[in-house]
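Please read the structure below before turning to the comments.
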Amino acid sequence: VTPEKVTVLCGGLGGSRLVDSLARAVGAENVTAIVNVGDDLEFLGLRVSPDLDTVLYTLAGLLDEERGWGVRDETYSVRATAESLGADTWFTLGDRDIGLHLVRTAALRAGDPLSTVTARLAEQLGVRVRLLPATDEALRTFVGTEAGELDFQTWFVRHRHADRVLGVEYRGEARPAPGVLAAIEDAEHVVIAPSNPFVSVGPILAVEGVRDALSARRVAAVSPIIGGEAVRGPLADMLESLGFERSARGVAEYYGDLVSAFVLDPADAAFAADIRGAVVAPAVMVDPRSRAEVGRAVLEALR
Ligand code: FO1
């Protein structure tokens, strides 16, 4: 039997849960995740890739599930020292997490591309899903707000995403990382994870050649909105402020022709008639035990 190869476009928490669920359904070695890097930042000299790390930590069983980012059982000695020395520590880095950022930052400074560094980190953590940053180049997400334009993490963490988002922009001429386009072209199934379309999936779609590669494939998206609300994060408000309906239908409208199957939670079954390729299946993956089931349902919808 030929195993089914699946490629997933994803951001952090929602994305990592779908990747985990698909890995449970078809085997980790058959799953490739193309991950957003538009949220990446340099903080206290360290290069942090929050979405890559959320996927890594989820698959390695290390994620702080309650918070949805970082490592569980963390300590914060480094942060306390930095603060006592006058550093501004608005972005929280735990000691264990910092260990990973040190290794990544050193390798990048030595000239290794992010994709190579990520593959090595995955191997060290025993993660068998193939993780590809969407690009090895600098692609950064900025949001336009009434308080002016802010880089993603300043808006999201420092301002606690309180400012209404009036526009989103991806900066940088980013070419796809090695393997990204082939992973879209060669997979049996291509899935857009239930991640924020504007700030998690949008930056991946902005990478050169990705939209074209996708438009040659049948692509399925899993709704990040359940019953009119995001499982977590500011997506529902963003849909509204960016001119879309605050619903799964609003997300389907954003993707438009790019997507030919759209997985909706039973709570949103009423929208099915208005959405091209709508498939109703349970989409909640908070509980790790229910995840294999969601992965199987998504694949069933695609077959
Ligand atoms: N989110 C927060 O709300 N506050 C933080 O201090 C914070 C630190 C942080 C450190 C490492 C990391 O991988 C993620 C971190 N996040 C934090 C989450 C992150 O800002 C967002 O969840 C993602 O970028 C959105 O996908």
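So you can find residues: chains in the structure tokens are A, B, ... in the order shown, residues in each start at 1, and ligands are numbered from 1 in order.
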Inset, instruction - Give the residues close to ligand 1, within 9 Å, counting only C-alpha atoms and all ligand atoms; write them as number ranges by chain. - result: A: 11-14, 36-40, 48-54, 67-71, 89-94, 97-98, 152-154, 156-158, 160, 195-196, 199-200, 233
I need the chosen residues saved as a PDB file, in the first residue's frame, with C-alpha atoms.
ATOM      1  CA  GLY A  11       0.750  28.719  11.838  1.00  0.00           C
ATOM      2  CA  GLY A  12       1.190  28.031  15.551  1.00  0.00           C
ATOM      3  CA  LEU A  13      -1.306  26.410  17.893  1.00  0.00           C
ATOM      4  CA  GLY A  14      -4.246  25.501  15.628  1.00  0.00           C
ATOM      5  CA  ASN A  36       4.637  30.559   8.872  1.00  0.00           C
ATOM      6  CA  VAL A  37       7.678  32.659   9.745  1.00  0.00           C
ATOM      7  CA  GLY A  38       5.989  36.081   9.485  1.00  0.00           C
ATOM      8  CA  ASP A  39       5.834  36.223  13.341  1.00  0.00           C
ATOM      9  CA  ASP A  40       9.573  35.657  13.794  1.00  0.00           C
ATOM     10  CA  VAL A  48      12.763  33.344  17.826  1.00  0.00           C
ATOM     11  CA  SER A  49      10.448  31.486  15.411  1.00  0.00           C
ATOM     12  CA  PRO A  50       7.255  31.130  17.457  1.00  0.00           C
ATOM     13  CA  ASP A  51       5.174  29.128  14.979  1.00  0.00           C
ATOM     14  CA  LEU A  52       7.960  26.682  14.089  1.00  0.00           C
ATOM     15  CA  ASP A  53       8.599  26.218  17.792  1.00  0.00           C
ATOM     16  CA  THR A  54       4.933  25.667  18.641  1.00  0.00           C
ATOM     17  CA  ARG A  67      -0.742  28.629  27.366  1.00  0.00           C
ATOM     18  CA  GLY A  68      -0.466  27.388  23.789  1.00  0.00           C
ATOM     19  CA  TRP A  69       3.194  28.375  23.358  1.00  0.00           C
ATOM     20  CA  GLY A  70       6.550  27.675  24.949  1.00  0.00           C
ATOM     21  CA  VAL A  71       7.708  24.643  26.902  1.00  0.00           C
ATOM     22  CA  THR A  89      11.321  41.768  28.814  1.00  0.00           C
ATOM     23  CA  TRP A  90       7.864  42.262  27.316  1.00  0.00           C
ATOM     24  CA  PHE A  91       8.322  39.076  25.291  1.00  0.00           C
ATOM     25  CA  THR A  92       8.575  36.143  27.687  1.00  0.00           C
ATOM     26  CA  LEU A  93      11.306  33.612  27.037  1.00  0.00           C
ATOM     27  CA  GLY A  94      11.675  30.694  29.424  1.00  0.00           C
ATOM     28  CA  ASP A  97      12.968  27.688  25.371  1.00  0.00           C
ATOM     29  CA  ILE A  98      16.074  29.921  25.393  1.00  0.00           C
ATOM     30  CA  PHE A 152       3.312  41.399  14.507  1.00  0.00           C
ATOM     31  CA  GLN A 153       4.685  40.597  17.978  1.00  0.00           C
ATOM     32  CA  THR A 154       4.529  44.222  19.149  1.00  0.00           C
ATOM     33  CA  PHE A 156       0.107  40.680  19.469  1.00  0.00           C
ATOM     34  CA  VAL A 157       2.109  40.442  22.688  1.00  0.00           C
ATOM     35  CA  ARG A 158       3.166  43.949  23.717  1.00  0.00           C
ATOM     36  CA  ARG A 160      -2.127  42.311  23.693  1.00  0.00           C
ATOM     37  CA  SER A 195      -4.771  28.907  11.600  1.00  0.00           C
ATOM     38  CA  ASN A 196      -5.398  32.638  11.288  1.00  0.00           C
ATOM     39  CA  VAL A 199      -1.397  36.496   9.944  1.00  0.00           C
ATOM     40  CA  SER A 200      -0.536  32.787   9.818  1.00  0.00           C
ATOM     41  CA  GLY A 233      -6.711  34.463  19.464  1.00  0.00           C
TER      42      GLY A 233
END
Inset, instruction - Would you kindly return, as a ChimeraX atom specification, each protein, DNA or RNA residue with an atom no farther than 9 Å from any atom of Glu137 of chain A, considering only C-alpha atoms and excluding same-chain residues fewer than 3 positions away? - result: /A:113-114,134,172-177
Just write the chosen residues, N, CA, C and O atoms, as a PDB file, in the first residue's frame.
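Final file, result_33.pdb:
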ATOM      1  N   PRO A 113      21.035  27.996   6.677  1.00  0.00           N
ATOM      2  CA  PRO A 113      19.686  28.518   6.457  1.00  0.00           C
ATOM      3  C   PRO A 113      18.703  27.988   7.506  1.00  0.00           C
ATOM      4  O   PRO A 113      18.916  26.913   8.075  1.00  0.00           O
ATOM      5  N   LEU A 114      17.623  28.748   7.725  1.00  0.00           N
ATOM      6  CA  LEU A 114      16.621  28.362   8.729  1.00  0.00           C
ATOM      7  C   LEU A 114      16.079  26.952   8.472  1.00  0.00           C
ATOM      8  O   LEU A 114      15.837  26.199   9.415  1.00  0.00           O
ATOM      9  N   ALA A 134       8.334  28.392   5.634  1.00  0.00           N
ATOM     10  CA  ALA A 134       7.853  28.772   4.306  1.00  0.00           C
ATOM     11  C   ALA A 134       8.989  29.364   3.471  1.00  0.00           C
ATOM     12  O   ALA A 134       9.063  29.152   2.272  1.00  0.00           O
ATOM     13  N   GLY A 172       9.064  41.849   2.566  1.00  0.00           N
ATOM     14  CA  GLY A 172      10.224  41.048   2.210  1.00  0.00           C
ATOM     15  C   GLY A 172       9.949  40.277   0.937  1.00  0.00           C
ATOM     16  O   GLY A 172       8.843  39.789   0.741  1.00  0.00           O
ATOM     17  N   GLU A 173      10.959  40.214   0.076  1.00  0.00           N
ATOM     18  CA  GLU A 173      10.834  39.449  -1.170  1.00  0.00           C
ATOM     19  C   GLU A 173      11.239  38.034  -0.833  1.00  0.00           C
ATOM     20  O   GLU A 173      12.415  37.700  -0.827  1.00  0.00           O
ATOM     21  N   ALA A 174      10.273  37.197  -0.499  1.00  0.00           N
ATOM     22  CA  ALA A 174      10.653  35.889   0.017  1.00  0.00           C
ATOM     23  C   ALA A 174      10.495  34.790  -1.026  1.00  0.00           C
ATOM     24  O   ALA A 174       9.418  34.608  -1.591  1.00  0.00           O
ATOM     25  N   ARG A 175      11.598  34.076  -1.256  1.00  0.00           N
ATOM     26  CA  ARG A 175      11.520  32.887  -2.107  1.00  0.00           C
ATOM     27  C   ARG A 175      11.254  31.669  -1.218  1.00  0.00           C
ATOM     28  O   ARG A 175      11.630  31.664  -0.047  1.00  0.00           O
ATOM     29  N   PRO A 176      10.610  30.648  -1.773  1.00  0.00           N
ATOM     30  CA  PRO A 176      10.284  29.479  -0.947  1.00  0.00           C
ATOM     31  C   PRO A 176      11.548  28.769  -0.462  1.00  0.00           C
ATOM     32  O   PRO A 176      12.547  28.706  -1.182  1.00  0.00           O
ATOM     33  N   ALA A 177      11.500  28.221   0.731  1.00  0.00           N
ATOM     34  CA  ALA A 177      12.611  27.405   1.237  1.00  0.00           C
ATOM     35  C   ALA A 177      12.690  26.127   0.399  1.00  0.00           C
ATOM     36  O   ALA A 177      11.693  25.709  -0.205  1.00  0.00           O
TER      37      ALA A 177
END
Legend entry - Nearest candidate to Arg296 of chain A (options A:Leu22, A:Ala206, A:Leu9, A:Ala187; using only C-alpha atoms):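 Checking each candidate against Arg296 of chain A, we get A:Leu22 as the closest.
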Could you give me, as a PDB file with all heavy atoms, in the first residue's frame, the residues within 8 Å of Pro224 of chain A, counting only C-alpha atoms and dropping anything in the same chain fewer than 2 positions from it?
ATOM      1  N   GLY A  14      -3.240  26.245  16.400  1.00  0.00           N
ATOM      2  CA  GLY A  14      -4.246  25.501  15.628  1.00  0.00           C
ATOM      3  C   GLY A  14      -3.585  24.643  14.569  1.00  0.00           C
ATOM      4  O   GLY A  14      -3.982  23.503  14.316  1.00  0.00           O
ATOM      5  N   ALA A 193      -4.324  24.546   7.450  1.00  0.00           N
ATOM      6  CA  ALA A 193      -4.687  24.279   8.844  1.00  0.00           C
ATOM      7  C   ALA A 193      -5.655  25.332   9.373  1.00  0.00           C
ATOM      8  O   ALA A 193      -5.783  26.420   8.796  1.00  0.00           O
ATOM      9  CB  ALA A 193      -3.419  24.255   9.696  1.00  0.00           C
ATOM     10  N   PRO A 194      -6.317  25.033  10.495  1.00  0.00           N
ATOM     11  CA  PRO A 194      -7.205  26.024  11.119  1.00  0.00           C
ATOM     12  C   PRO A 194      -6.397  27.095  11.846  1.00  0.00           C
ATOM     13  O   PRO A 194      -6.476  27.237  13.061  1.00  0.00           O
ATOM     14  CB  PRO A 194      -8.047  25.183  12.087  1.00  0.00           C
ATOM     15  CG  PRO A 194      -7.172  24.024  12.433  1.00  0.00           C
ATOM     16  CD  PRO A 194      -6.353  23.741  11.194  1.00  0.00           C
ATOM     17  N   SER A 195      -5.606  27.824  11.083  1.00  0.00           N
ATOM     18  CA  SER A 195      -4.771  28.907  11.600  1.00  0.00           C
ATOM     19  C   SER A 195      -5.369  30.217  11.124  1.00  0.00           C
ATOM     20  O   SER A 195      -6.224  30.238  10.238  1.00  0.00           O
ATOM     21  CB  SER A 195      -3.341  28.757  11.066  1.00  0.00           C
ATOM     22  OG  SER A 195      -2.766  27.528  11.480  1.00  0.00           O
ATOM     23  N   ASN A 196      -4.887  31.318  11.682  1.00  0.00           N
ATOM     24  CA  ASN A 196      -5.398  32.638  11.288  1.00  0.00           C
ATOM     25  C   ASN A 196      -5.054  32.917   9.820  1.00  0.00           C
ATOM     26  O   ASN A 196      -3.888  32.927   9.451  1.00  0.00           O
ATOM     27  CB  ASN A 196      -4.761  33.686  12.208  1.00  0.00           C
ATOM     28  CG  ASN A 196      -5.325  35.069  12.001  1.00  0.00           C
ATOM     29  OD1 ASN A 196      -5.422  35.539  10.872  1.00  0.00           O
ATOM     30  ND2 ASN A 196      -5.701  35.724  13.087  1.00  0.00           N
ATOM     31  N   VAL A 222      -9.303  23.751   6.780  1.00  0.00           N
ATOM     32  CA  VAL A 222     -10.086  23.413   7.977  1.00  0.00           C
ATOM     33  C   VAL A 222     -10.422  24.732   8.658  1.00  0.00           C
ATOM     34  O   VAL A 222      -9.526  25.562   8.901  1.00  0.00           O
ATOM     35  CB  VAL A 222      -9.289  22.498   8.932  1.00  0.00           C
ATOM     36  CG1 VAL A 222     -10.112  22.189  10.180  1.00  0.00           C
ATOM     37  CG2 VAL A 222      -8.874  21.216   8.210  1.00  0.00           C
ATOM     38  N   ILE A 226     -15.106  28.387  14.918  1.00  0.00           N
ATOM     39  CA  ILE A 226     -16.119  27.411  15.318  1.00  0.00           C
ATOM     40  C   ILE A 226     -17.215  28.163  16.069  1.00  0.00           C
ATOM     41  O   ILE A 226     -16.942  28.813  17.079  1.00  0.00           O
ATOM     42  CB  ILE A 226     -15.496  26.290  16.178  1.00  0.00           C
ATOM     43  CG1 ILE A 226     -14.504  25.489  15.312  1.00  0.00           C
ATOM     44  CG2 ILE A 226     -16.583  25.385  16.770  1.00  0.00           C
ATOM     45  CD1 ILE A 226     -13.748  24.412  16.034  1.00  0.00           C
ATOM     46  N   ALA A 230     -13.040  32.207  17.255  1.00  0.00           N
ATOM     47  CA  ALA A 230     -11.788  31.489  17.084  1.00  0.00           C
ATOM     48  C   ALA A 230     -11.567  30.618  18.314  1.00  0.00           C
ATOM     49  O   ALA A 230     -11.956  30.995  19.414  1.00  0.00           O
ATOM     50  CB  ALA A 230     -10.642  32.479  16.930  1.00  0.00           C
ATOM     51  N   VAL A 231     -10.975  29.433  18.107  1.00  0.00           N
ATOM     52  CA  VAL A 231     -10.670  28.578  19.254  1.00  0.00           C
ATOM     53  C   VAL A 231      -9.783  29.371  20.225  1.00  0.00           C
ATOM     54  O   VAL A 231      -9.917  29.282  21.435  1.00  0.00           O
ATOM     55  CB  VAL A 231      -9.990  27.270  18.794  1.00  0.00           C
ATOM     56  CG1 VAL A 231      -9.576  26.419  19.997  1.00  0.00           C
ATOM     57  CG2 VAL A 231     -10.927  26.466  17.898  1.00  0.00           C
ATOM     58  N   ALA A 248     -17.293  31.189   9.877  1.00  0.00           N
ATOM     59  CA  ALA A 248     -16.572  30.266   8.986  1.00  0.00           C
ATOM     60  C   ALA A 248     -16.773  30.687   7.528  1.00  0.00           C
ATOM     61  O   ALA A 248     -15.865  30.553   6.701  1.00  0.00           O
ATOM     62  CB  ALA A 248     -17.071  28.846   9.212  1.00  0.00           C
ATOM     63  N   VAL A 251     -14.220  33.215   6.501  1.00  0.00           N
ATOM     64  CA  VAL A 251     -12.905  32.619   6.219  1.00  0.00           C
ATOM     65  C   VAL A 251     -12.911  31.985   4.827  1.00  0.00           C
ATOM     66  O   VAL A 251     -11.972  32.166   4.040  1.00  0.00           O
ATOM     67  CB  VAL A 251     -12.526  31.561   7.288  1.00  0.00           C
ATOM     68  CG1 VAL A 251     -11.210  30.885   6.929  1.00  0.00           C
ATOM     69  CG2 VAL A 251     -12.448  32.208   8.669  1.00  0.00           C
TER      70      VAL A 251
END
Legend entry - Residue among A:Gly277, A:Gly61, A:Gly99, A:Pro266 lying closest to Thr75 of chain A, counting only C-alpha atoms: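 Ranking A:Gly277, A:Gly61, A:Gly99, A:Pro266 by distance to Thr75 of chain A, first place goes to A:Gly99.
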Legend entry - Straight-line distance linking atom CA of Phe244 of chain A with atom CA of Phe271 of chain A, stated in Å to one decimal: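 So the two atoms, atom CA of Phe244 of chain A and atom CA of Phe271 of chain A, lie 14.5 Å apart.
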Inset, instruction - Quote the spacing between atom CA of Arg72 of chain A and atom CA of Ala292 of chain A in Å to one decimal place. - result: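 These two atoms are separated by 22.4 Å.
The gap separating atom CA of Trp155 of chain A from atom CA of Asp88 of chain A is 15.9 Å, in Å to one decimal.
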Inset, instruction - Can you list, as a PyMOL selection string, all residues belonging to segment 21-250 of chain A that DSSP tags as strand (DSSP E)? - result: chain A and resi 31-35+41-43+46-48+130-133+140-145+148-151+165-171+189-192+219-222+225-226+229-230
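Nearest residue to Pro178 of chain A among A:Leu242, A:Leu132, A:Val284, A:Ala60 is A:Leu132, counting only C-alpha atoms.
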Inset, instruction - Write out as a ChimeraX atom specification the residues lying within 9 Å of Lys5 of chain A, counting only C-alpha atoms and excluding same-chain residues fewer than 4 positions away. - result: /A:26,29-32,186-190
Inset, instruction - Pick out the closest residue to Cys10 of chain A from this set: A:Gly126, A:Gly228, A:Gly209, A:Pro197. Count only C-alpha atoms. - result: A:Pro197
Legend entry - Residue with smallest distance to Gly86 of chain A - pool A:Ala283, A:Val207, A:Val191, A:Leu44, counting only C-alpha atoms: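 When distances to Gly86 of chain A are compared using only C-alpha atoms, the smallest one comes from A:Leu44.
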Legend entry - Long-range neighbours of Leu46 of chain A as a count of residues only, 7 Å cut-off, only C-alpha atoms, 6 positions minimum in chain: 3
Legend entry - Which residue of A:Asp274, A:Ile34, A:Tyr57, A:Glu65 approaches Val210 of chain A most closely, using only C-alpha atoms: A:Ile34
Inset, instruction - Run DSSP on the backbone and give me the residues of segment 92-282 of chain A it puts in alpha helix (DSSP H), as a ChimeraX atom specification. - result: /A:95-109,114-124,152-153,180-186,202-205,210-215,235-241,248-255
Legend entry - Close residues, Thr116 of chain A itself excluded, 12 Å, only C-alpha atoms, min 3 positions apart in chain, as a PyMOL selection string: chain A and resi 104+107-108+110-113+119-123+130-133+135-136+177-179
